[in-house]
$ cat input.pdb   # PDB, C-alpha atoms
ATOM      1  CA  ASP A 878       7.399  -3.756  10.133  1.00  0.00           C
ATOM      2  CA  ASP A 879       5.636  -2.357  13.210  1.00  0.00           C
ATOM      3  CA  VAL A 880       6.694   1.178  12.278  1.00  0.00           C
ATOM      4  CA  VAL A 881       5.135   0.795   8.827  1.00  0.00           C
ATOM      5  CA  PHE A 882       1.902  -0.659  10.213  1.00  0.00           C
ATOM      6  CA  ASN A 883       1.623   1.918  13.007  1.00  0.00           C
ATOM      7  CA  THR A 884       2.302   4.831  10.656  1.00  0.00           C
ATOM      8  CA  ILE A 885      -0.336   3.592   8.240  1.00  0.00           C
ATOM      9  CA  GLN A 886      -2.776   3.110  11.119  1.00  0.00           C
ATOM     10  CA  ILE A 887      -2.260   6.717  12.244  1.00  0.00           C
ATOM     11  CA  ILE A 888      -2.727   8.098   8.718  1.00  0.00           C
ATOM     12  CA  SER A 889      -5.825   5.992   8.042  1.00  0.00           C
ATOM     13  CA  SER A 890      -7.481   7.146  11.263  1.00  0.00           C
ATOM     14  CA  SER A 891      -6.761  10.852  10.590  1.00  0.00           C
ATOM     15  CA  PRO A 892      -8.915  11.908   7.614  1.00  0.00           C
ATOM     16  CA  GLU A 893      -8.035  15.548   8.145  1.00  0.00           C
ATOM     17  CA  HIS A 894      -4.345  14.778   7.463  1.00  0.00           C
ATOM     18  CA  GLN A 895      -4.648  12.332   4.545  1.00  0.00           C
ATOM     19  CA  ARG A 896      -4.291  14.896   1.750  1.00  0.00           C
ATOM     20  CA  TYR A 897      -1.226  16.368   3.445  1.00  0.00           C
ATOM     21  CA  SER A 898       0.189  12.874   4.125  1.00  0.00           C
ATOM     22  CA  VAL A 899      -0.072  11.704   0.516  1.00  0.00           C
ATOM     23  CA  HIS A 900       1.531  14.916  -0.785  1.00  0.00           C
ATOM     24  CA  LEU A 901       4.322  14.697   1.769  1.00  0.00           C
ATOM     25  CA  SER A 902       4.829  11.010   0.914  1.00  0.00           C
ATOM     26  CA  TRP A 903       4.999  11.784  -2.810  1.00  0.00           C
ATOM     27  CA  ARG A 904       7.446  14.639  -2.299  1.00  0.00           C
ATOM     28  CA  SER A 905       9.633  12.524   0.006  1.00  0.00           C
ATOM     29  CA  LEU A 906       9.716   9.647  -2.470  1.00  0.00           C
ATOM     30  CA  GLN A 907      10.670  12.024  -5.279  1.00  0.00           C
ATOM     31  CA  GLU A 908      13.571  13.415  -3.246  1.00  0.00           C
ATOM     32  CA  ILE A 909      15.026   9.971  -2.476  1.00  0.00           C
ATOM     33  CA  LYS A 910      17.531   8.914  -5.109  1.00  0.00           C
ATOM     34  CA  HIS A 911      17.434   5.231  -4.171  1.00  0.00           C
ATOM     35  CA  CYS A 912      14.177   4.031  -2.587  1.00  0.00           C
ATOM     36  CA  SER A 913      15.913   0.763  -1.689  1.00  0.00           C
ATOM     37  CA  GLU A 914      17.715   2.584   1.130  1.00  0.00           C
ATOM     38  CA  PHE A 915      14.407   3.689   2.664  1.00  0.00           C
ATOM     39  CA  GLN A 916      12.080   0.747   2.115  1.00  0.00           C
ATOM     40  CA  PRO A 917       9.789   1.360   5.129  1.00  0.00           C
ATOM     41  CA  LEU A 918       9.254   4.949   3.935  1.00  0.00           C
ATOM     42  CA  THR A 919       8.653   3.643   0.417  1.00  0.00           C
ATOM     43  CA  GLN A 920       6.092   1.126   1.722  1.00  0.00           C
ATOM     44  CA  VAL A 921       4.184   3.801   3.653  1.00  0.00           C
ATOM     45  CA  GLY A 922       4.406   6.149   0.668  1.00  0.00           C
ATOM     46  CA  CYS A 923       3.099   3.503  -1.729  1.00  0.00           C
ATOM     47  CA  TRP A 924       0.232   2.727   0.609  1.00  0.00           C
ATOM     48  CA  CYS A 925      -0.668   6.440   0.945  1.00  0.00           C
ATOM     49  CA  ILE A 926      -0.586   6.949  -2.810  1.00  0.00           C
ATOM     50  CA  GLY A 927      -2.720   3.853  -3.399  1.00  0.00           C
ATOM     51  CA  GLU A 928      -5.326   4.932  -0.861  1.00  0.00           C
ATOM     52  CA  TYR A 929      -5.343   8.701  -1.352  1.00  0.00           C
ATOM     53  CA  GLY A 930      -3.879   9.173  -4.840  1.00  0.00           C
ATOM     54  CA  LEU A 931      -6.795  11.347  -5.902  1.00  0.00           C
ATOM     55  CA  TYR A 932      -5.493  14.069  -3.600  1.00  0.00           C
ATOM     56  CA  LEU A 933      -2.288  14.189  -5.651  1.00  0.00           C
ATOM     57  CA  GLN A 934      -4.261  15.558  -8.599  1.00  0.00           C
ATOM     58  CA  GLU A 935      -4.856  18.721  -6.572  1.00  0.00           C
ATOM     59  CA  SER A 936      -2.200  21.020  -5.175  1.00  0.00           C
ATOM     60  CA  CYS A 937      -1.618  21.057  -1.425  1.00  0.00           C
ATOM     61  CA  SER A 938      -0.451  24.375   0.009  1.00  0.00           C
ATOM     62  CA  GLU A 939       0.245  22.849   3.448  1.00  0.00           C
ATOM     63  CA  ALA A 940       2.817  20.491   1.909  1.00  0.00           C
ATOM     64  CA  GLY A 941       3.975  23.004  -0.692  1.00  0.00           C
ATOM     65  CA  SER A 942       3.112  20.563  -3.488  1.00  0.00           C
ATOM     66  CA  GLU A 943       1.684  21.068  -6.938  1.00  0.00           C
ATOM     67  CA  ALA A 944      -0.783  18.724  -8.618  1.00  0.00           C
ATOM     68  CA  VAL A 945       0.693  15.544 -10.099  1.00  0.00           C
ATOM     69  CA  SER A 946      -0.569  13.910 -13.290  1.00  0.00           C
ATOM     70  CA  GLU A 947      -1.862  10.344 -13.377  1.00  0.00           C
ATOM     71  CA  SER A 948       0.730   9.381 -15.973  1.00  0.00           C
ATOM     72  CA  ARG A 949       3.586  10.706 -13.820  1.00  0.00           C
ATOM     73  CA  ILE A 950       2.400   8.678 -10.821  1.00  0.00           C
ATOM     74  CA  VAL A 951       2.031   5.472 -12.855  1.00  0.00           C
ATOM     75  CA  SER A 952       5.423   6.088 -14.440  1.00  0.00           C
ATOM     76  CA  TRP A 953       6.981   6.368 -10.968  1.00  0.00           C
ATOM     77  CA  PHE A 954       5.383   3.056  -9.942  1.00  0.00           C
ATOM     78  CA  ARG A 955       6.673   1.433 -13.143  1.00  0.00           C
ATOM     79  CA  GLU A 956      10.209   2.604 -12.343  1.00  0.00           C
ATOM     80  CA  LEU A 957       9.963   1.452  -8.718  1.00  0.00           C
ATOM     81  CA  LEU A 958       8.573  -1.965  -9.639  1.00  0.00           C
ATOM     82  CA  SER A 959      11.294  -2.550 -12.223  1.00  0.00           C
ATOM     83  CA  SER A 960      14.092  -1.852  -9.746  1.00  0.00           C
ATOM     84  CA  SER A 961      16.185  -4.861  -8.783  1.00  0.00           C
ATOM     85  CA  THR A 962      17.126  -3.326  -5.422  1.00  0.00           C
ATOM     86  CA  ILE A 963      13.586  -3.124  -4.033  1.00  0.00           C
ATOM     87  CA  SER A 964      12.445  -5.921  -1.715  1.00  0.00           C
ATOM     88  CA  VAL A 965       9.570  -8.249  -2.586  1.00  0.00           C
ATOM     89  CA  VAL A 966       7.499  -6.820   0.283  1.00  0.00           C
ATOM     90  CA  THR A 967       7.945  -3.265  -1.017  1.00  0.00           C
ATOM     91  CA  LYS A 968       7.010  -4.436  -4.510  1.00  0.00           C
ATOM     92  CA  GLN A 969       3.881  -6.065  -3.067  1.00  0.00           C
ATOM     93  CA  TYR A 970       2.873  -2.746  -1.504  1.00  0.00           C
ATOM     94  CA  ALA A 971       3.585  -0.956  -4.784  1.00  0.00           C
ATOM     95  CA  LEU A 972       1.733  -3.462  -6.966  1.00  0.00           C
ATOM     96  CA  LEU A 973      -1.387  -3.383  -4.808  1.00  0.00           C
ATOM     97  CA  SER A 974      -1.233   0.406  -4.546  1.00  0.00           C
ATOM     98  CA  VAL A 975      -0.945   0.978  -8.286  1.00  0.00           C
ATOM     99  CA  THR A 976      -3.837  -1.449  -8.811  1.00  0.00           C
ATOM    100  CA  LYS A 977      -5.943   0.546  -6.342  1.00  0.00           C
ATOM    101  CA  LEU A 978      -5.229   3.645  -8.405  1.00  0.00           C
ATOM    102  CA  SER A 979      -7.101   2.019 -11.303  1.00  0.00           C
ATOM    103  CA  THR A 980     -10.318   2.764  -9.392  1.00  0.00           C
ATOM    104  CA  ARG A 981      -9.326   6.327  -8.568  1.00  0.00           C
ATOM    105  CA  PHE A 982      -7.798   7.464 -11.876  1.00  0.00           C
ATOM    106  CA  THR A 983      -9.552   7.752 -15.216  1.00  0.00           C
ATOM    107  CA  SER A 984      -6.938   8.216 -17.937  1.00  0.00           C
ATOM    108  CA  ALA A 985      -4.202   5.794 -16.815  1.00  0.00           C
ATOM    109  CA  ILE A 986      -6.217   2.585 -16.414  1.00  0.00           C
ATOM    110  CA  GLN A 987      -4.674   0.874 -19.470  1.00  0.00           C
ATOM    111  CA  ASP A 988      -1.147   1.736 -18.289  1.00  0.00           C
ATOM    112  CA  ILE A 989      -1.941   0.368 -14.838  1.00  0.00           C
ATOM    113  CA  GLN A 990      -3.387  -2.842 -16.297  1.00  0.00           C
ATOM    114  CA  SER A 991      -0.311  -3.278 -18.464  1.00  0.00           C
ATOM    115  CA  LEU A 992       1.964  -2.809 -15.459  1.00  0.00           C
ATOM    116  CA  VAL A 993      -0.011  -5.274 -13.329  1.00  0.00           C
ATOM    117  CA  ASP A 994      -0.164  -7.829 -16.164  1.00  0.00           C
ATOM    118  CA  SER A 995       3.618  -7.682 -16.565  1.00  0.00           C
ATOM    119  CA  PHE A 996       3.919  -9.353 -13.158  1.00  0.00           C
ATOM    120  CA  GLY A 997       1.963 -12.396 -14.370  1.00  0.00           C
ATOM    121  CA  CYS A 998       5.261 -13.946 -15.449  1.00  0.00           C
ATOM    122  CA  ASN A 999       7.540 -12.575 -12.713  1.00  0.00           C
ATOM    123  CA  LEU A1000      10.320 -14.863 -11.477  1.00  0.00           C
ATOM    124  CA  ASP A1001       9.268 -14.342  -7.863  1.00  0.00           C
ATOM    125  CA  ILE A1002       6.297 -16.636  -7.280  1.00  0.00           C
ATOM    126  CA  ASP A1003       4.632 -14.310  -4.744  1.00  0.00           C
ATOM    127  CA  LEU A1004       4.765 -11.360  -7.134  1.00  0.00           C
ATOM    128  CA  GLN A1005       3.656 -13.581 -10.014  1.00  0.00           C
ATOM    129  CA  GLN A1006       0.640 -14.824  -8.059  1.00  0.00           C
ATOM    130  CA  ARG A1007      -0.258 -11.303  -7.012  1.00  0.00           C
ATOM    131  CA  GLY A1008       0.119 -10.094 -10.613  1.00  0.00           C
ATOM    132  CA  VAL A1009      -2.172 -12.830 -11.939  1.00  0.00           C
ATOM    133  CA  GLU A1010      -4.789 -12.303  -9.217  1.00  0.00           C
ATOM    134  CA  LEU A1011      -4.814  -8.517  -9.571  1.00  0.00           C
ATOM    135  CA  GLY A1012      -4.802  -8.837 -13.365  1.00  0.00           C
ATOM    136  CA  GLN A1013      -8.063 -10.802 -13.157  1.00  0.00           C
ATOM    137  CA  LEU A1014      -9.667  -7.715 -11.659  1.00  0.00           C
ATOM    138  CA  PHE A1015      -9.246  -6.035 -15.048  1.00  0.00           C
ATOM    139  CA  ARG A1016     -10.684  -8.950 -17.012  1.00  0.00           C
ATOM    140  CA  SER A1017     -13.051 -11.633 -15.746  1.00  0.00           C
ATOM    141  CA  GLN A1018     -13.628  -9.956 -12.378  1.00  0.00           C
ATOM    142  CA  SER A1019     -13.787  -6.334 -13.567  1.00  0.00           C
ATOM    143  CA  GLY A1020     -17.176  -5.834 -11.932  1.00  0.00           C
ATOM    144  CA  LEU A1021     -15.629  -6.493  -8.527  1.00  0.00           C
ATOM    145  CA  ARG A1022     -12.577  -4.257  -8.992  1.00  0.00           C
ATOM    146  CA  GLY A1023     -14.184  -1.089  -7.645  1.00  0.00           C
ATOM    147  CA  LYS A1024     -15.602  -2.806  -4.587  1.00  0.00           C
ATOM    148  CA  LEU A1025     -12.473  -4.795  -3.752  1.00  0.00           C
ATOM    149  CA  LEU A1026     -10.105  -1.870  -4.192  1.00  0.00           C
ATOM    150  CA  GLU A1027     -12.128   0.859  -2.529  1.00  0.00           C
ATOM    151  CA  PRO A1028     -10.357   2.925   0.149  1.00  0.00           C
ATOM    152  CA  MET A1029      -9.810   1.073   3.389  1.00  0.00           C
ATOM    153  CA  PRO A1030     -11.759   2.130   6.471  1.00  0.00           C
ATOM    154  CA  PRO A1031      -9.660   3.484   9.363  1.00  0.00           C
ATOM    155  CA  MET A1032      -7.552   0.708  10.807  1.00  0.00           C
ATOM    156  CA  GLU A1033      -8.060  -0.360  14.391  1.00  0.00           C
ATOM    157  CA  LYS A1034      -5.199  -0.386  16.825  1.00  0.00           C
ATOM    158  CA  ASP A1035      -3.227  -3.633  16.660  1.00  0.00           C
ATOM    159  CA  ARG A1036      -4.846  -5.929  19.210  1.00  0.00           C
ATOM    160  CA  LEU A1037      -1.603  -7.806  19.820  1.00  0.00           C
ATOM    161  CA  SER A1038       0.067  -4.715  21.275  1.00  0.00           C
ATOM    162  CA  ASP A1039      -2.915  -3.772  23.410  1.00  0.00           C
ATOM    163  CA  THR A1040      -1.924  -4.564  26.998  1.00  0.00           C
ATOM    164  CA  THR A1041      -5.499  -4.104  28.228  1.00  0.00           C
ATOM    165  CA  SER A1042      -6.638  -7.096  26.213  1.00  0.00           C
ATOM    166  CA  PRO A1043      -7.909  -9.951  28.420  1.00  0.00           C
ATOM    167  CA  THR A1044      -5.554 -12.319  26.583  1.00  0.00           C
ATOM    168  CA  ALA A1045      -2.493 -10.042  26.734  1.00  0.00           C
ATOM    169  CA  ASN A1046      -0.878 -12.122  29.481  1.00  0.00           C
ATOM    170  CA  VAL A1047      -1.785 -15.539  28.039  1.00  0.00           C
ATOM    171  CA  PRO A1048       1.441 -17.308  27.035  1.00  0.00           C
ATOM    172  CA  MET A1049       2.117 -18.220  23.423  1.00  0.00           C
ATOM    173  CA  VAL A1050       3.499 -21.669  22.613  1.00  0.00           C
ATOM    174  CA  ASN A1051       4.616 -22.365  19.026  1.00  0.00           C
ATOM    175  CA  GLY A1052       2.470 -19.491  17.745  1.00  0.00           C
ATOM    176  CA  THR A1053      -0.597 -20.763  19.578  1.00  0.00           C
ATOM    177  CA  ASP A1054      -2.504 -18.738  22.143  1.00  0.00           C
ATOM    178  CA  GLN A1055      -3.083 -21.297  24.893  1.00  0.00           C
ATOM    179  CA  GLU A1056      -6.492 -19.844  25.654  1.00  0.00           C
ATOM    180  CA  ASN A1057      -7.901 -19.066  22.184  1.00  0.00           C
ATOM    181  CA  GLY A1058      -6.032 -21.266  19.727  1.00  0.00           C
ATOM    182  CA  PRO A1059      -3.709 -20.297  16.856  1.00  0.00           C
ATOM    183  CA  SER A1060      -2.498 -16.715  16.751  1.00  0.00           C
ATOM    184  CA  MET A1061      -2.584 -14.528  13.690  1.00  0.00           C
ATOM    185  CA  ALA A1062       0.126 -15.282  11.165  1.00  0.00           C
ATOM    186  CA  ALA A1063       2.398 -12.411  10.145  1.00  0.00           C
ATOM    187  CA  ALA A1064       0.456 -11.856   6.919  1.00  0.00           C
ATOM    188  CA  GLU A1065      -2.820 -11.781   8.834  1.00  0.00           C
ATOM    189  CA  LYS A1066      -1.360  -9.364  11.384  1.00  0.00           C
ATOM    190  CA  ASN A1067      -0.556  -6.954   8.571  1.00  0.00           C
ATOM    191  CA  PRO A1068      -3.893  -6.476   6.761  1.00  0.00           C
ATOM    192  CA  LEU A1069      -2.142  -4.343   4.129  1.00  0.00           C
ATOM    193  CA  LEU A1070      -0.729  -7.372   2.350  1.00  0.00           C
TER     194      LEU A1070
END

$ encode --input "input.pdb" --output "structure tokens"
Amino acid sequence: DDVVFNTIQIISSSPEHQRYSVHLSWRSLQEIKHCSEFQPLTQVGCWCIGEYGLYLQESCSEAGSEAVSESRIVSWFRELLSSSTISVVTKQYALLSVTKLSTRFTSAIQDIQSLVDSFGCNLDIDLQQRGVELGQLFRSQSGLRGKLLEPMPPMEKDRLSDTTSPTANVPMVNGTDQENGPSMAAAEKNPLL
């Protein structure tokens, strides 16, 4: 989990490498036969594609990659999200990432909406809730979709791993920082989900 977060933090804070990173992520994910064996890589790749998917529509000589069509990218997400061997966390990354692409792509919006809506009746309650909430961004909350799904600003370094923090040596008891109150929950620590 820390590797995924730290890798994403590095990519988000390096604008000069984002085009290369998304092309390398796409190529790596295409070369993997079973993404379930490399879920952290799949999570980082999904995040990169969701944030910087526009770069995939252009070739990248540094990564040796050709341009990729919107329909091919959405088709890959559909295949990934239908896999029974992918974890719920990886599917959450993928579902949010494909939804973000609806604000970056122009011709695949209906396919993306259809894919997101299909999770509105998923057996996993977390995926179902996410599917319903994200689906609302295509209907009653469509005016907010662009603003809510815009590219993330560069992520700050994780404050919990910063040893120079004045509270770094304050003991934690039952998830509570004895000086400042409750600590961040795991979901809050990972702003990607």

$ resolve_selection --input "input.pdb" --expression "the PyMOL selection byres ((chain A and resi 965) around 12)" --output "PDB file with C-alpha atoms, in the frame of the given file"
ATOM      1  CA  SER A 913      15.913   0.763  -1.689  1.00  0.00           C
ATOM      2  CA  GLN A 916      12.080   0.747   2.115  1.00  0.00           C
ATOM      3  CA  GLN A 920       6.092   1.126   1.722  1.00  0.00           C
ATOM      4  CA  LEU A 957       9.963   1.452  -8.718  1.00  0.00           C
ATOM      5  CA  LEU A 958       8.573  -1.965  -9.639  1.00  0.00           C
ATOM      6  CA  SER A 959      11.294  -2.550 -12.223  1.00  0.00           C
ATOM      7  CA  SER A 960      14.092  -1.852  -9.746  1.00  0.00           C
ATOM      8  CA  SER A 961      16.185  -4.861  -8.783  1.00  0.00           C
ATOM      9  CA  THR A 962      17.126  -3.326  -5.422  1.00  0.00           C
ATOM     10  CA  ILE A 963      13.586  -3.124  -4.033  1.00  0.00           C
ATOM     11  CA  SER A 964      12.445  -5.921  -1.715  1.00  0.00           C
ATOM     12  CA  VAL A 966       7.499  -6.820   0.283  1.00  0.00           C
ATOM     13  CA  THR A 967       7.945  -3.265  -1.017  1.00  0.00           C
ATOM     14  CA  LYS A 968       7.010  -4.436  -4.510  1.00  0.00           C
ATOM     15  CA  GLN A 969       3.881  -6.065  -3.067  1.00  0.00           C
ATOM     16  CA  TYR A 970       2.873  -2.746  -1.504  1.00  0.00           C
ATOM     17  CA  ALA A 971       3.585  -0.956  -4.784  1.00  0.00           C
ATOM     18  CA  LEU A 972       1.733  -3.462  -6.966  1.00  0.00           C
ATOM     19  CA  ASN A 999       7.540 -12.575 -12.713  1.00  0.00           C
ATOM     20  CA  LEU A1000      10.320 -14.863 -11.477  1.00  0.00           C
ATOM     21  CA  ASP A1001       9.268 -14.342  -7.863  1.00  0.00           C
ATOM     22  CA  ILE A1002       6.297 -16.636  -7.280  1.00  0.00           C
ATOM     23  CA  ASP A1003       4.632 -14.310  -4.744  1.00  0.00           C
ATOM     24  CA  LEU A1004       4.765 -11.360  -7.134  1.00  0.00           C
ATOM     25  CA  GLN A1005       3.656 -13.581 -10.014  1.00  0.00           C
ATOM     26  CA  ARG A1007      -0.258 -11.303  -7.012  1.00  0.00           C
ATOM     27  CA  LEU A1070      -0.729  -7.372   2.350  1.00  0.00           C
TER      28      LEU A1070
END

$ atom_distance --input "input.pdb" --atom1 "CA of Val945 (chain A)" --atom2 "CA of Lys1024 (chain A)"
25.2 Å

$ residues_near_point --input "input.pdb" --point "(-3.0, -1.7, -20.8)" --cutoff "12 Å" --atoms "all atoms listed in the file" --output "VMD selection string"
chain A and resid 951 979 984 to 995 1012 1015 to 1016

$ closest_residue --input "input.pdb" --among "A:Asp879, A:Glu928, A:Gly997, A:Gln907" --to "Pro892 (chain A)" --atoms "all atoms listed in the file"
A:Glu928

$ closest_residue --input "input.pdb" --among "A:Cys925, A:Val881, A:Cys912, A:Leu1026" --to "Gln895 (chain A)" --atoms "all atoms listed in the file"
A:Cys925

$ atom_distance --input "input.pdb" --atom1 "CA of Ser974 (chain A)" --atom2 "CA of Ser942 (chain A)"
20.6 Å

$ closest_residue --input "input.pdb" --among "A:Thr884, A:Ser905, A:Leu1014, A:Glu956" --to "Met1032 (chain A)" --atoms "only C-alpha atoms"
A:Thr884
